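Peer 1: Okay, here's the structure, questions in a sec.
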Amino acid sequence: MSGRYELHCHLDGSVRLSTLADLAPGVDVRARAVAPPDVGSLHGFLPFIDVALDVLQTPEALERVARELAEDWRADGVVHGEVRFAPQLHTRAGLSVDAVIDAVSAGLAAVTGVRTGLLLCCLRHQDPSVSLEIAATAVRRDDVAGLDLAGDERRPGAPHREAFDLAHAAGLPVTVHAGEAAGPDSVWEALDVLGARRIGHGVRSVGSAALLSRLRRDAIALETCPRCNVLTRAVPSLAAHPVDQLLRAGLRVTVSTDTRTTADTSLDAEFAALRETFGWGPDEERRVQENAAAAVFAP
Ligand code: ADE
Ligand code: ZN
């Protein structure tokens with residue numbers, strides 16, 4: 001196996017700062033779009049994505065940032081990247097949800113040398129009827145590889161069940177952000193109520209031996225994003241991150257960035273930090289890449 005896999009990457013949190021500066025002249029994009037080290041929580045972190053959402057409201061901007069993300073993946077050694085976004089957040093200037101997805105698809109298709117896939121995000125704070133519309137769009141299109149639930153984990157996922165049932169009925173795979181700000185119960189809900197095959201982050205699963213057994217038994221991939229997890233205080237420090245323990249315990253651990261700009265990271269930076277903190281070498285990185293390869297949604 002050669003080449004990296006990135007399964008958990010948000011388009012709106014991964015816009016190059018130089019591009020943001022271009023699209024939002026006069027805005028101090030570093031101050032507005034990069035979460036400071038003391039941001040301290042997921043709900044404190046998420047507003048740093050807003051400045052990108054303000055400008056990603058045209059087909060040109062969406063196509064550009066998708067293309068640049070695929071270029072950044074290639075430069076970061078990524079051979080397979082799955083990008084996620086909530087198209088319903090890009091309709092403020094009148095674009096339809098389908099036009100948003102068309103633009104992102106076109107941007108990704110413009111880059112060779114990296115396989116890409118699209119995941120659509122439902123959002124915990126939105127009305128479940130919006131999630132249902134996003135799921136219906138996802139199953140209707142042939143360029144969408146999966147469905148996600150993102151946003152502030154202080155809100156439950158269960159109200160969005162109908163959207164996820166629709167995805168299951170159509171055979172569309174599902175990942176859910178859980179076990180990041182909230183505890184093991186949020187991961188159980190993602191598995192048992194929403195039918196997740198992968199868990200976004202999931203790092204708080206370490207609080208429950210029964211949950212770890214279930215994740216291992218069903219080979220559920222954990223999309224950990226170590227540097228982001230430290231920023232949002234899902235873990236107190238990288239040294240306290242369970243990624244190494246979970247990998248050694250035989251869980252399907254994968255490593256992604258979450259947000260290349262908001263969390264100021266890359267896979268190069270993630271694996272450098274893991275080498276430094278846990279003494280990882282080529283063997284650990286190979287196992288993580290094999291885990292991710294086994295968990296891809298995009299065909
Ligand atoms: N959207 C962008 N990053 C996120 C995260 N880490 N958790 C939930 N929603 C997000
Ligand atoms: Zn995420």
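By order in the structure tokens, chains are A, B, ...; within a chain, residues start at 1; ligands start at 1, following the order shown.
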Taking only C-alpha atoms and all ligand atoms and a cut-off of 7 Å, can you tell me which residues surround ligand 2, written as a ChimeraX atom specification?
Peer 2: /A:8-10,150,177,200,258
Peer 1: Go ahead and write the selection's residues with C-alpha atoms as an mmCIF file, in the first residue's frame.
Peer 2:
```
data_model
loop_
_atom_site.group_PDB
_atom_site.id
_atom_site.type_symbol
_atom_site.label_atom_id
_atom_site.label_comp_id
_atom_site.auth_asym_id
_atom_site.auth_seq_id
_atom_site.Cartn_x
_atom_site.Cartn_y
_atom_site.Cartn_z
ATOM 1 C CA HIS A 8 -12.772 13.112 7.380
ATOM 2 C CA CYS A 9 -12.255 16.546 5.874
ATOM 3 C CA HIS A 10 -14.700 19.477 5.852
ATOM 4 C CA ALA A 150 -22.141 17.116 12.001
ATOM 5 C CA HIS A 177 -19.797 12.810 14.321
ATOM 6 C CA GLY A 200 -16.408 10.977 13.212
ATOM 7 C CA ASP A 258 -11.153 17.442 10.099
#
```
Peer 1: Show me which residues sit within 10 Å of ligand 1 when counting only C-alpha atoms and all ligand atoms, and put them as an MDAnalysis selection string.
Peer 2: chainID A and resid 8:14 41:43 45:49 84:86 121:124 148:153 176:181 200:201 224:225 228:229 231:232 234 257:260 262:263
Peer 1: Would you write out those residues with C-alpha atoms, as a CSV table (one decimal), in the first residue's frame?
Peer 2:
```
chain,number,residue,atom,x,y,z
A,8,HIS,CA,-12.8,13.1,7.4
A,9,CYS,CA,-12.3,16.5,5.9
A,10,HIS,CA,-14.7,19.5,5.9
A,11,LEU,CA,-14.6,21.6,2.7
A,12,ASP,CA,-15.6,24.9,4.5
A,13,GLY,CA,-12.9,24.4,7.2
A,14,SER,CA,-10.2,23.6,4.6
A,41,SER,CA,-14.4,23.5,23.0
A,42,LEU,CA,-16.3,22.2,19.9
A,43,HIS,CA,-18.9,25.0,20.2
A,45,PHE,CA,-14.3,26.0,17.4
A,46,LEU,CA,-17.2,25.9,15.0
A,47,PRO,CA,-17.7,29.7,14.5
A,48,PHE,CA,-14.2,29.8,13.0
A,49,ILE,CA,-15.8,28.2,9.9
A,84,ARG,CA,-17.8,16.5,3.4
A,85,PHE,CA,-20.0,19.6,3.4
A,86,ALA,CA,-23.5,20.8,4.1
A,121,CYS,CA,-23.6,16.6,6.0
A,122,CYS,CA,-26.9,16.9,7.9
A,123,LEU,CA,-26.5,19.3,10.9
A,124,ARG,CA,-27.6,18.6,14.5
A,148,ASP,CA,-22.9,12.5,7.7
A,149,LEU,CA,-24.3,14.2,10.8
A,150,ALA,CA,-22.1,17.1,12.0
A,151,GLY,CA,-22.4,20.1,14.3
A,152,ASP,CA,-22.7,20.8,18.0
A,153,GLU,CA,-22.9,17.5,19.9
A,176,VAL,CA,-21.8,10.3,12.3
A,177,HIS,CA,-19.8,12.8,14.3
A,178,ALA,CA,-20.0,11.4,17.9
A,179,GLY,CA,-17.8,10.9,20.9
A,180,GLU,CA,-16.0,14.2,20.3
A,181,ALA,CA,-17.7,16.7,22.6
A,200,GLY,CA,-16.4,11.0,13.2
A,201,HIS,CA,-13.8,11.3,16.0
A,224,THR,CA,-9.9,10.5,14.6
A,225,CYS,CA,-8.5,13.9,13.9
A,228,CYS,CA,-8.4,19.1,16.0
A,229,ASN,CA,-9.4,16.8,19.0
A,231,LEU,CA,-8.1,22.1,20.0
A,232,THR,CA,-11.7,21.2,20.9
A,234,ALA,CA,-12.1,16.3,23.2
A,257,THR,CA,-7.5,16.5,9.7
A,258,ASP,CA,-11.2,17.4,10.1
A,259,THR,CA,-10.4,21.0,8.9
A,260,ARG,CA,-7.1,21.8,7.4
A,262,THR,CA,-9.5,25.9,11.1
A,263,ALA,CA,-7.4,23.3,12.8
```
Peer 1: So which residues touch A:Leu20 within 9 Å, counting only C-alpha atoms, skipping near sequence neighbours fewer than 3 positions away, as a list in words?
Peer 2: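 The residues that qualify are Val15, Arg16, Leu17, Leu23, Ala24, Pro25, Val27, Val29, Ala33, Val51, Ala52 and Val55 of chain A.
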Peer 1: Output C-alpha atoms of each residue in that selection to a file, as a PDB file, in the first residue's frame.
Peer 2:
```pdb
ATOM      1  CA  VAL A  15     -10.145  26.665   2.409  1.00  0.00           C
ATOM      2  CA  ARG A  16      -6.623  28.009   1.867  1.00  0.00           C
ATOM      3  CA  LEU A  17      -6.055  31.262   3.788  1.00  0.00           C
ATOM      4  CA  LEU A  23     -12.651  36.027  -1.603  1.00  0.00           C
ATOM      5  CA  ALA A  24     -13.047  38.203   1.511  1.00  0.00           C
ATOM      6  CA  PRO A  25     -10.937  41.314   0.895  1.00  0.00           C
ATOM      7  CA  VAL A  27     -10.995  40.571   6.388  1.00  0.00           C
ATOM      8  CA  VAL A  29      -8.706  35.817   7.635  1.00  0.00           C
ATOM      9  CA  ALA A  33     -10.648  31.334  10.242  1.00  0.00           C
ATOM     10  CA  VAL A  51     -16.038  33.309   7.419  1.00  0.00           C
ATOM     11  CA  ALA A  52     -15.598  30.609   4.747  1.00  0.00           C
ATOM     12  CA  VAL A  55     -17.924  33.573   0.768  1.00  0.00           C
TER      13      VAL A  55
END
```
Peer 1: When distances are computed from only C-alpha atoms, which of A:Ala110, A:Ala219, A:Val193, A:Ala240 shows the smallest separation from A:Asp165?
Peer 2: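 Answer, going by the shortest atom-to-atom distance: A:Val193.
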Peer 1: Smallest atom-to-atom distance to A:Glu6: which of A:Ala136, A:Ala70, A:Leu246, A:Ala182, using only C-alpha atoms?
Peer 2: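 Among A:Ala136, A:Ala70, A:Leu246, A:Ala182, it is A:Ala70 that comes nearest to A:Glu6.
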Peer 1: Going by DSSP on the backbone, which bits of stretch 107-185 of chain A are strand (DSSP E)? Write them as JSON, numbers by chain, please.
Peer 2: {"A": [115, 116, 117, 118, 119, 120, 121, 122, 123, 146, 147, 148, 149, 150, 174, 175, 176, 177, 178]}
Peer 1: As an exercise, work out the distance from atom CA of A:Glu162 to atom CA of A:Leu132 in Å and give it to one decimal place.
Peer 2: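 Separating atom CA of A:Glu162 from atom CA of A:Leu132 is a distance of 6.7 Å.
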Peer 1: Could you state the separation of atom CA of A:Val253 and atom CA of A:Ala75 in Å, given to one decimal place?
Peer 2: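 We find that atom CA of A:Val253 and atom CA of A:Ala75 lie 23.1 Å from each other.
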